[in-house]
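S.K.: One structure is given below, represented as structure tokens, and several questions about it will come after.
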Amino acid sequence: MASHSSDLENARVNSPNPVKYVSDFFDRYPIHKNYYLRIFLQALVTIWAVMSFTFVLVRLMPGNPVDVLIEQILTQEGISYQEAYDRVAASFNIDPDASMLDQYVDYVGDLLRLDLGTSITSPGTRVIDEIARFLPWTIFAVGCGFLISFVLGIVLGMTMAYYRDSVLDHSLSLVSSFFTGVPNYIWGLLIIIGPGITWKWFNVGAARGTYDPGLTPGFNAEFIASAIEHALLPIFTYVLATLGSWMLSMKSSTASVLNDDYVNVAEARGLKDRRIITSYVGRNAMLPLFAQLSISIGFVLGSGVVIEEIFVYWGFGHYLFQAITVRDYTGIQGSVLILSSTFVFSNLLADLTYGLLDPRVRITGEK
Amino acid sequence: MAAKRQETVLEVDDLSIVYRTKRGDVKATNHVSFSLKQGEAMALIGESGSGKTTISLALIRKLPKNAVITSGSIEYRHNGEIQDVLRLSKRQLRAFRWKDCAMVFQGAQNAFNPVLKIHKQFEDTARSHGWTDKQAVRERALNLLELVRLDPERVYDSYPHELSGGMKQRTLLALGVLLNPQIVILDEPTTALDILTQRAIIDVLNDMQRQLHFSIIFISHDLSLAAEMADTVATVYAGEIVEMGGVNDIFYQSLHPYTYGLLTSVPTLAQEQDLLQSIPGSPPNLIHPPSGCKFHPRCAFATAACSQDEPPLIQDFGAHLAACWHKKALAESREERVS
């Protein structure tokens with residue numbers, strides 16, 4: 001009893017403990033054990049690593065935009081090398097002779113102010129403005145394609161599992177394996193060559209761009225219809241290229257859920273078929289697909305580079321492709337940064353939302 | 001615990017079921033007949049693979065897709081109405097399941113949908129049978145959960161993975177009687193549970209039956225459970241009922257060598273170790289079952305006649321039904337052993 005009260009005394013005298021060391025701080029506020037904070041920091045570190053890697057990689061690519069421009073000015077205007085050099089340096093607003101470390105420090109400093117820099121090849125245009133101009137189109141096309149493909153894949157996959165070993169199942173399996181096997185750019189080319197050029201179902205030339213020239217972007221029917229029309233081919237390609245894998249995943253996932261006891265018990269409980277299909281089979285079978293979903297969002301955004309180039313759809317991929325072609329360092333860096341951030345944050349989002357769908361992995365307190 | 005009201009709720013007549021497989025037809029149930037009275041508890045006992053589960057699945061028509069019912073009828077009687085379970089339409093069958101006849105499956109570990117809370121699954125069950133008053137469902141469910149000795153409020157608001165195996169089993173029992181069914185089928189209700197939980201489940205079942213007056217069919221290879229719970233016992237061997245009678249008749253006066261073998265293979269507290277015997281051999285191949293009495297290859301009493309003619313399930317010696325040519329010899333041997 002006596003020792004107990006003296007403990008209390010001590011506690012009162014020493015409290016609050018002064019924070020002397022960093023470790024004291026963490027002892028008192030165990031934020032390092034906070035799951036959400038941890039995965040958020042993890043995501044930031046990943047993005048930083050990708051950013052630094054891109055920075056170095058871009059500078060290792062053969063071909064240097066400054067040299068190219070100097071050459072150009074030299075041959076066009078016949079002035080001295082030093083003059084041409086000074087002019088280029090002035091127009092880029094960079095010091096071409098700065099060490100890579102200095103450039104890196106500058107770049108990171110700008111990034112922290114959310115400044116992606118100005119384009120190297122077309123001075124005066126800010127990279128962030130360019131990305132803001134192109135990215136929404138890609139989000140629109142990829143998003144639509146993805147949504148359609150996911151919903152369709154789930155419905156068809158479940159149907160296949162329910163009618164297992166029927167003619168329907170076998171033919172859909174064959175079709176979906178084929179769809180999965182053919183790469184998306186081949187689909188893009190086939191669509192242009194077949195319906196576009198050979199059968200002339202649509203005008204290949206008019207399908208270029210993101211909306212008909214002459215229309216003012218805004219919330220009016222004409223513009224929206226035109227935007228949808230122009231996005232149709234890329235969307236269709238995304239659906240074709242991703243549908244098969246959704247179908248096959250959903251089929252195998254549903255088939256395994258159908259063998260689970262709780263589905264059997266649900267039938268014995270006399271539940272209505274619709275309730276069993278949606279809340280008992282569908283919801284459980286979709287769980288593994290949600291994990292895939294976030295990963296594929298990044299992939300599709302990346303594969304958009306080629307698809308948008310094929311259909312001359314002026315989206316983010318088109319912009320990145322152009323930036324690579326002309327060695328626009330800041331453009332490439334900015335685009336890759338956005339791309340990798342999307343990837344990392346969609347994974348983060350998946351981590352955070354998966355718990356809402358599956359109570360078994362819900363985070364309870366510290367872990 | 002003998003049935004007081006003598007109304008029959010279930011009448012199974014000449015039921016035969018085969019499973020169509022690539023290697024041939026598996027004759028899983030052969031000419032099985034029995035009846036179940038209101039409030040009666042009947043045990044189906046036998047080895048694994050003897051066809052007990054097949055019989056019980058047929059009662060709610062939940063057999064696997066490759067099963068075919070080749071003969072027989074299953075009559076369900078309730079309030080003077082007779083329904084042939086095998087002829088119910090899809091809609092009638094859905095209504096029959098759980099509301100009239102609930103089945104608590106073997107191993108409740110995965111019986112609940114992992115992504116829905118327990119109360120959702122109770123409500124689902126009620127709503128599918130036209131009972132939409134959530135508050136009333138909740139009250140009834142909490143009462144039942146209390147009856148199975150769980151913390152009602154906590155369990156009702158839990159996800160399945162938050163419950164232990166024994167808790168899930170008891171929750172499933174509570175769910176089983178939610179709609180006040182006439183018949184509750186329990187398939188191995190205590191298997192895979194530790195001995196204390198088994199005890200609790202048995203007590204709970206006895207309690208519930210006393211209060212709710214449903215009939216029970218339970219399937220078990222646990223003879224002590226059968227002895228404790230059942231009014232009537234039927235021994236199933238190779239898809240046939242080979243012996244059927246009151247619990248005391250079966251346990252003390254068994255007239256079939258198979259039942260007798262099952263009983264002597266269970267150790268008791270009072271018995272000498274060397275009296276413990278096992279049944280030689282293993283259950284027969286049900287694609288090509290033995291001729292005559294299907295037990296004869298493993299039977300100590302078998303004679304030439306046993307391999308030719310199948311003994312009928314009749315009451316010709318003793319107080320209950322048994323299908324054996326050598327009941328008398330068995331009875332004498334049993335007397336000797338005891339003395």
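By convention here, the chains of the structure tokens are called A, B, ... in the order presented, each chain's residues are numbered starting at 1, and ligands are numbered starting at 1 in the order presented.
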Might you pull out every residue within 12 Å of B:Pro289, with only C-alpha atoms counted and same-chain residues fewer than 2 positions away left off, and present them as a PyMOL selection string?
M.R.: chain B and resi 24-30+237-240+283-287+291-297+307+310
S.K.: Write the residues of the preceding selection, restricted to C-alpha atoms, as a CSV table (one decimal), in the first residue's frame.
M.R.:
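Below you can see selection_31.csv, which holds the result:
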chain,number,residue,atom,x,y,z
B,24,GLY,CA,-20.8,-45.4,-62.0
B,25,ASP,CA,-23.8,-44.7,-59.8
B,26,VAL,CA,-23.1,-44.4,-56.1
B,27,LYS,CA,-26.1,-45.8,-54.3
B,28,ALA,CA,-26.0,-43.4,-51.4
B,29,THR,CA,-29.5,-44.0,-50.0
B,30,ASN,CA,-31.5,-47.2,-50.5
B,237,TYR,CA,-25.1,-48.5,-43.0
B,238,ALA,CA,-24.3,-48.3,-46.7
B,239,GLY,CA,-27.2,-46.0,-47.3
B,240,GLU,CA,-29.8,-48.2,-45.5
B,283,PRO,CA,-17.5,-49.2,-45.3
B,284,PRO,CA,-18.4,-51.0,-48.6
B,285,ASN,CA,-18.1,-49.6,-52.1
B,286,LEU,CA,-21.5,-48.1,-52.9
B,287,ILE,CA,-21.0,-48.3,-56.6
B,291,SER,CA,-24.9,-58.8,-52.3
B,292,GLY,CA,-27.4,-59.8,-49.7
B,293,CYS,CA,-26.9,-58.1,-46.4
B,294,LYS,CA,-24.4,-55.3,-47.1
B,295,PHE,CA,-22.7,-55.8,-43.7
B,296,HIS,CA,-21.9,-59.4,-44.2
B,297,PRO,CA,-18.3,-59.1,-45.2
B,307,SER,CA,-24.5,-63.1,-48.7
B,310,GLU,CA,-31.1,-59.1,-47.9
S.K.: Please provide the set of residues having any atom within 7 Å of A:Tyr211, restricted to only C-alpha atoms, with same-chain residues fewer than 3 positions apart removed, written as a short mmCIF file (atom, residue, chain, number, x, y, z; two decimals) with N, CA and C atoms, in the first residue's frame.
M.R.:
data_model
loop_
_atom_site.label_atom_id
_atom_site.label_comp_id
_atom_site.auth_asym_id
_atom_site.auth_seq_id
_atom_site.Cartn_x
_atom_site.Cartn_y
_atom_site.Cartn_z
N SER A 226 -19.71 15.94 -78.88
CA SER A 226 -18.49 15.88 -79.68
C SER A 226 -17.35 15.24 -78.88
N ALA A 227 -17.25 15.62 -77.59
CA ALA A 227 -16.19 15.06 -76.74
C ALA A 227 -16.36 13.55 -76.61
N HIS A 230 -15.39 11.76 -79.87
CA HIS A 230 -13.95 11.66 -80.09
C HIS A 230 -13.29 10.66 -79.13
#
S.K.: Excluding same-chain residues fewer than 3 positions from B:Glu11, what lies within 12 Å of it counting only C-alpha atoms, as a PDB file with N, CA and C atoms, in the first residue's frame?
M.R.:
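Written file, around-v2.pdb:
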ATOM      1  N   GLU B   7     -48.508 -36.335 -33.164  1.00  0.00           N
ATOM      2  CA  GLU B   7     -48.705 -36.008 -34.578  1.00  0.00           C
ATOM      3  C   GLU B   7     -47.397 -36.206 -35.346  1.00  0.00           C
ATOM      4  N   THR B   8     -47.512 -36.782 -36.508  1.00  0.00           N
ATOM      5  CA  THR B   8     -46.338 -36.969 -37.352  1.00  0.00           C
ATOM      6  C   THR B   8     -46.092 -35.692 -38.147  1.00  0.00           C
ATOM      7  N   ASP B  14     -39.572 -44.995 -48.501  1.00  0.00           N
ATOM      8  CA  ASP B  14     -38.881 -45.677 -49.603  1.00  0.00           C
ATOM      9  C   ASP B  14     -37.945 -44.758 -50.394  1.00  0.00           C
ATOM     10  N   LEU B  15     -37.223 -43.915 -49.687  1.00  0.00           N
ATOM     11  CA  LEU B  15     -36.368 -42.932 -50.361  1.00  0.00           C
ATOM     12  C   LEU B  15     -35.069 -43.573 -50.859  1.00  0.00           C
ATOM     13  N   VAL B  32     -35.013 -45.941 -47.881  1.00  0.00           N
ATOM     14  CA  VAL B  32     -35.074 -45.501 -46.490  1.00  0.00           C
ATOM     15  C   VAL B  32     -36.471 -45.002 -46.150  1.00  0.00           C
ATOM     16  N   SER B  33     -37.031 -45.503 -45.053  1.00  0.00           N
ATOM     17  CA  SER B  33     -38.334 -45.043 -44.585  1.00  0.00           C
ATOM     18  C   SER B  33     -38.238 -44.749 -43.097  1.00  0.00           C
ATOM     19  N   PHE B  34     -38.800 -43.637 -42.693  1.00  0.00           N
ATOM     20  CA  PHE B  34     -38.942 -43.374 -41.259  1.00  0.00           C
ATOM     21  C   PHE B  34     -39.952 -42.254 -41.083  1.00  0.00           C
ATOM     22  N   SER B  35     -40.415 -42.081 -39.875  1.00  0.00           N
ATOM     23  CA  SER B  35     -41.292 -40.939 -39.631  1.00  0.00           C
ATOM     24  C   SER B  35     -40.842 -40.238 -38.366  1.00  0.00           C
ATOM     25  N   LEU B  36     -41.168 -38.962 -38.331  1.00  0.00           N
ATOM     26  CA  LEU B  36     -40.727 -38.129 -37.225  1.00  0.00           C
ATOM     27  C   LEU B  36     -41.951 -37.480 -36.610  1.00  0.00           C
ATOM     28  N   LYS B  37     -42.062 -37.602 -35.293  1.00  0.00           N
ATOM     29  CA  LYS B  37     -43.224 -37.027 -34.615  1.00  0.00           C
ATOM     30  C   LYS B  37     -42.889 -35.640 -34.090  1.00  0.00           C
ATOM     31  N   GLN B  38     -43.946 -34.914 -33.798  1.00  0.00           N
ATOM     32  CA  GLN B  38     -43.730 -33.566 -33.288  1.00  0.00           C
ATOM     33  C   GLN B  38     -42.986 -33.623 -31.953  1.00  0.00           C
ATOM     34  N   LEU B  59     -33.947 -34.021 -47.403  1.00  0.00           N
ATOM     35  CA  LEU B  59     -35.134 -33.511 -46.710  1.00  0.00           C
ATOM     36  C   LEU B  59     -35.417 -32.047 -47.047  1.00  0.00           C
ATOM     37  N   GLY B  72     -39.317 -42.903 -53.970  1.00  0.00           N
ATOM     38  CA  GLY B  72     -39.726 -42.496 -52.637  1.00  0.00           C
ATOM     39  C   GLY B  72     -40.425 -41.160 -52.568  1.00  0.00           C
ATOM     40  N   SER B  73     -40.889 -40.850 -51.384  1.00  0.00           N
ATOM     41  CA  SER B  73     -41.555 -39.572 -51.162  1.00  0.00           C
ATOM     42  C   SER B  73     -41.164 -39.046 -49.789  1.00  0.00           C
ATOM     43  N   ILE B  74     -41.245 -37.742 -49.642  1.00  0.00           N
ATOM     44  CA  ILE B  74     -41.012 -37.102 -48.349  1.00  0.00           C
ATOM     45  C   ILE B  74     -42.230 -36.235 -48.074  1.00  0.00           C
ATOM     46  N   GLU B  75     -43.008 -36.613 -47.074  1.00  0.00           N
ATOM     47  CA  GLU B  75     -44.216 -35.843 -46.776  1.00  0.00           C
ATOM     48  C   GLU B  75     -44.013 -35.007 -45.530  1.00  0.00           C
ATOM     49  N   TYR B  76     -44.357 -33.741 -45.677  1.00  0.00           N
ATOM     50  CA  TYR B  76     -44.268 -32.833 -44.545  1.00  0.00           C
ATOM     51  C   TYR B  76     -45.685 -32.464 -44.119  1.00  0.00           C
ATOM     52  N   ARG B  77     -46.001 -32.650 -42.867  1.00  0.00           N
ATOM     53  CA  ARG B  77     -47.360 -32.366 -42.395  1.00  0.00           C
ATOM     54  C   ARG B  77     -47.336 -31.229 -41.396  1.00  0.00           C
ATOM     55  N   HIS B  78     -48.221 -30.278 -41.642  1.00  0.00           N
ATOM     56  CA  HIS B  78     -48.260 -29.122 -40.760  1.00  0.00           C
ATOM     57  C   HIS B  78     -49.671 -28.556 -40.776  1.00  0.00           C
ATOM     58  N   ILE B  82     -50.763 -31.553 -45.975  1.00  0.00           N
ATOM     59  CA  ILE B  82     -49.672 -32.450 -46.340  1.00  0.00           C
ATOM     60  C   ILE B  82     -48.989 -31.915 -47.587  1.00  0.00           C
ATOM     61  N   GLN B  83     -47.657 -31.763 -47.489  1.00  0.00           N
ATOM     62  CA  GLN B  83     -46.898 -31.305 -48.658  1.00  0.00           C
ATOM     63  C   GLN B  83     -45.895 -32.374 -49.029  1.00  0.00           C
ATOM     64  N   ASP B  84     -45.811 -32.671 -50.331  1.00  0.00           N
ATOM     65  CA  ASP B  84     -44.767 -33.590 -50.776  1.00  0.00           C
ATOM     66  C   ASP B  84     -43.533 -32.744 -51.110  1.00  0.00           C
ATOM     67  N   VAL B  85     -42.514 -32.862 -50.265  1.00  0.00           N
ATOM     68  CA  VAL B  85     -41.332 -32.009 -50.402  1.00  0.00           C
ATOM     69  C   VAL B  85     -40.686 -32.181 -51.778  1.00  0.00           C
TER      70      VAL B  85
END
S.K.: Set the distance at 8 Å and use only C-alpha atoms: which residues neighbour B:Phe251 once local chain neighbours fewer than 3 positions away are removed? I'd like the list as a compact mmCIF listing (two decimals) with N, CA and C atoms, in the first residue's frame.
M.R.:
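Writing done, so here's part.txt:
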# COMPACT_ATOMS: atom_id res chain seq x y z
N ALA B 227 -27.09 -40.75 -27.41
CA ALA B 227 -27.71 -41.31 -26.22
C ALA B 227 -28.34 -40.21 -25.37
N VAL B 247 -34.34 -45.06 -27.93
CA VAL B 247 -32.94 -44.90 -27.58
C VAL B 247 -32.44 -46.01 -26.64
N ASN B 248 -33.29 -46.43 -25.70
CA ASN B 248 -32.85 -47.47 -24.77
C ASN B 248 -32.76 -48.83 -25.45
N SER B 254 -29.39 -53.80 -28.58
CA SER B 254 -29.22 -53.68 -30.03
C SER B 254 -29.32 -55.04 -30.70
N LEU B 263 -21.30 -49.68 -30.76
CA LEU B 263 -21.40 -49.47 -29.32
C LEU B 263 -20.18 -50.02 -28.59
S.K.: Please identify all residues of chain A having at least one atom at most 8 Å from any atom of chain B, considering only C-alpha atoms, and return them as a ChimeraX atom specification.
M.R.: /A:260-263,265,268-272,280,283-284,357-360
S.K.: For the selection just defined, write its residues with N, CA and C atoms to a file, as a PDB file, in the first residue's frame.
M.R.:
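selection-v5.pdb was written with the following content:
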ATOM      1  N   ASP A 260     -18.324 -21.880 -51.313  1.00  0.00           N
ATOM      2  CA  ASP A 260     -18.198 -21.578 -49.893  1.00  0.00           C
ATOM      3  C   ASP A 260     -19.469 -21.980 -49.146  1.00  0.00           C
ATOM      4  N   ASP A 261     -19.245 -22.358 -47.896  1.00  0.00           N
ATOM      5  CA  ASP A 261     -20.362 -22.823 -47.074  1.00  0.00           C
ATOM      6  C   ASP A 261     -21.482 -21.798 -46.955  1.00  0.00           C
ATOM      7  N   TYR A 262     -21.089 -20.521 -46.809  1.00  0.00           N
ATOM      8  CA  TYR A 262     -22.132 -19.546 -46.493  1.00  0.00           C
ATOM      9  C   TYR A 262     -23.128 -19.362 -47.633  1.00  0.00           C
ATOM     10  N   VAL A 263     -22.695 -19.655 -48.863  1.00  0.00           N
ATOM     11  CA  VAL A 263     -23.632 -19.571 -49.983  1.00  0.00           C
ATOM     12  C   VAL A 263     -24.625 -20.737 -49.901  1.00  0.00           C
ATOM     13  N   VAL A 265     -25.442 -22.326 -47.183  1.00  0.00           N
ATOM     14  CA  VAL A 265     -26.322 -22.067 -46.039  1.00  0.00           C
ATOM     15  C   VAL A 265     -27.362 -21.011 -46.402  1.00  0.00           C
ATOM     16  N   ALA A 268     -30.062 -22.694 -48.132  1.00  0.00           N
ATOM     17  CA  ALA A 268     -30.851 -23.477 -47.186  1.00  0.00           C
ATOM     18  C   ALA A 268     -31.721 -22.575 -46.322  1.00  0.00           C
ATOM     19  N   ARG A 269     -31.280 -21.318 -46.139  1.00  0.00           N
ATOM     20  CA  ARG A 269     -32.076 -20.382 -45.347  1.00  0.00           C
ATOM     21  C   ARG A 269     -33.269 -19.862 -46.131  1.00  0.00           C
ATOM     22  N   GLY A 270     -33.341 -20.238 -47.402  1.00  0.00           N
ATOM     23  CA  GLY A 270     -34.476 -19.817 -48.209  1.00  0.00           C
ATOM     24  C   GLY A 270     -34.403 -18.364 -48.630  1.00  0.00           C
ATOM     25  N   LEU A 271     -33.186 -17.809 -48.724  1.00  0.00           N
ATOM     26  CA  LEU A 271     -33.053 -16.435 -49.167  1.00  0.00           C
ATOM     27  C   LEU A 271     -33.436 -16.330 -50.634  1.00  0.00           C
ATOM     28  N   LYS A 272     -33.852 -15.118 -51.018  1.00  0.00           N
ATOM     29  CA  LYS A 272     -34.210 -14.915 -52.422  1.00  0.00           C
ATOM     30  C   LYS A 272     -32.948 -14.927 -53.270  1.00  0.00           C
ATOM     31  N   TYR A 280     -24.285 -12.029 -51.213  1.00  0.00           N
ATOM     32  CA  TYR A 280     -23.530 -13.178 -50.720  1.00  0.00           C
ATOM     33  C   TYR A 280     -22.460 -13.612 -51.709  1.00  0.00           C
ATOM     34  N   ARG A 283     -20.713  -9.797 -53.751  1.00  0.00           N
ATOM     35  CA  ARG A 283     -19.907  -8.919 -52.910  1.00  0.00           C
ATOM     36  C   ARG A 283     -18.609  -9.596 -52.488  1.00  0.00           C
ATOM     37  N   ASN A 284     -18.674 -10.874 -52.172  1.00  0.00           N
ATOM     38  CA  ASN A 284     -17.455 -11.570 -51.763  1.00  0.00           C
ATOM     39  C   ASN A 284     -16.534 -11.850 -52.943  1.00  0.00           C
ATOM     40  N   LEU A 357     -14.807  -2.491 -47.547  1.00  0.00           N
ATOM     41  CA  LEU A 357     -15.468  -3.577 -48.264  1.00  0.00           C
ATOM     42  C   LEU A 357     -15.329  -4.902 -47.523  1.00  0.00           C
ATOM     43  N   ASP A 358     -14.183  -5.112 -46.909  1.00  0.00           N
ATOM     44  CA  ASP A 358     -13.943  -6.371 -46.215  1.00  0.00           C
ATOM     45  C   ASP A 358     -13.653  -6.113 -44.736  1.00  0.00           C
ATOM     46  N   PRO A 359     -14.634  -6.375 -43.883  1.00  0.00           N
ATOM     47  CA  PRO A 359     -14.459  -6.060 -42.460  1.00  0.00           C
ATOM     48  C   PRO A 359     -13.315  -6.839 -41.816  1.00  0.00           C
ATOM     49  N   ARG A 360     -12.906  -7.946 -42.445  1.00  0.00           N
ATOM     50  CA  ARG A 360     -11.855  -8.758 -41.828  1.00  0.00           C
ATOM     51  C   ARG A 360     -10.501  -8.074 -41.843  1.00  0.00           C
TER      52      ARG A 360
END
